[in-house]
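See below for the structure under consideration.
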Amino acid sequence: MMKPIDAAMALVSFLSLLASSHLVASASFLTPDPLAKCLVLRHSSIESSNPYFKRNSRLGLDFSQSILRGDRMYSAIQCKEIDGDDPAESVFFVREAVFADLGAAAKIITDGFFSDSTNFVTYQVERLKTFLSLESTFPDSKDKGSHEMIVACLKNGAKVVGFVELDCRETDDPKLPPRPYMCNLVVDKKWLRKGIATALVKECESISASNGKERIFLKVRERNAAATSMYEHMGYVVEACSVENDDVLLLMKKDLRPEHESSVWNAVSQIGPMFEEERAY
């Protein structure tokens, strides 16, 4: 009879083999474990067709150059000094994600959202599920501007240390959050409180504003005091509350219009009802 530990190791090995054969392993330089290698077989054409990969097979060690993805030139849009243990890893920036970032992004998301509620085996399962979810919804050229995945990277070595997703696609489904909607904001635990999350949020706001959106929305658990405090400090206010699995979820929003425009609009919206009341008498 197989021992529990042997069964667990067999399951992990099976998942690793499944991931490797299904999605094709590469990019072991991102993280050394097997599940991080589930990146490019199904999308192997990316490497041959995308000038980004042609220029640098190690995911662009020189990020002073602009990154070309499809027909879109995408330059480093944030560059901010942070205090790292290694002086060589003291600069990060945010950019549009490419497919090869998803393995690292899946690990960061799983560490951030599931590490406290999983064991060794279920952690691997959640990580694989997260990767497959990101892979299935990865934006293509037709989604440009309406659906974005954004990563924060260390300038030296291209290590992905943060991730966020922005969905500006309109929807009439009342069960879905209002758009544009920011979700899956997460930062590598080793790089918390370095300004990375703030930079990712600001980039989502910038993209939304450039697309003519006047507001941006997100959801956060009320018990996540650090995240809630950060959002409030950045100007987000609570729009609504809901309960999910005994957790209170806050729907928060931020007005993206210039401050003076928002003030004028608020003043006009308050004057309107006053005229209505006068006509009523």
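Letters A, B, ... mark the chains of the structure tokens in the order given; residue numbers begin at 1 per chain; ligand numbers begin at 1, in order shown.
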Could you pull the residues within 12 Å of Leu176 (chain A), counting only C-alpha atoms, minus those fewer than 5 positions along the same chain, as a PDB file with C-alpha atoms, in the first residue's frame?
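And here's selection_23.pdb as it stands now:
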```pdb
ATOM      1  CA  ASP A 167     -10.849  44.761 -17.644  1.00  0.00           C
ATOM      2  CA  ARG A 169     -14.824  45.531 -21.558  1.00  0.00           C
ATOM      3  CA  GLU A 170     -18.383  46.689 -21.095  1.00  0.00           C
ATOM      4  CA  THR A 171     -20.923  44.250 -19.680  1.00  0.00           C
ATOM      5  CA  TYR A 181     -12.503  46.750 -13.152  1.00  0.00           C
ATOM      6  CA  PHE A 217     -13.588  49.986  -9.701  1.00  0.00           C
ATOM      7  CA  LEU A 218     -12.071  47.211  -7.601  1.00  0.00           C
ATOM      8  CA  LYS A 219     -13.040  44.761  -4.873  1.00  0.00           C
ATOM      9  CA  LEU A 251     -16.644  47.464  -3.962  1.00  0.00           C
TER      10      LEU A 251
END
```
Please list as a PyMOL selection string every residue within 6 Å of region 151-163 of chain A, counting only C-alpha atoms and excluding residues in the same chain fewer than 2 positions away. chain A and resi 61+89+91-95+97+185-188
Nearest residue to Gly235 (chain A) out of A:Val125, A:Leu250, A:Val201, A:Ala209, using only C-alpha atoms?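 Smallest separation from Gly235 (chain A) among the options: A:Val201.
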Measure the distance from CA of Asp172 (chain A) to CA of Ile216 (chain A) in Å and round it to one decimal.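 Atom-to-atom, CA of Asp172 (chain A) to CA of Ile216 (chain A), that is 16.4 Å.
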Do you know which residues are at most 10 Å from Lys254 (chain A) counting only C-alpha atoms, after dropping those on the same chain fewer than 2 positions away, and could you put them as a ChimeraX atom specification? /A:205,214-218,231-232,234-239,252,256-257
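One finds CA of Ser208 (chain A) at 26.6 Å from CA of Lys107 (chain A).
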From the options A:Lys190, A:Lys175, A:Ala225, A:Ala104, which residue's atoms come nearest to Leu128 (chain A), counting only C-alpha atoms?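 Using only C-alpha atoms, Leu128 (chain A) sits closest to A:Ala104.
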Taking the DSSP secondary structure from the backbone, can you list the residues of region 79-249 of chain A that are strand (DSSP E), as number ranges by chain? A: 80-81, 91-96, 147-154, 160-167, 181-187, 215-221, 237-244, 247-249
Using Å and a single decimal, report how far CA of Ile207 (chain A) sits from CA of Leu249 (chain A). 24.8 Å
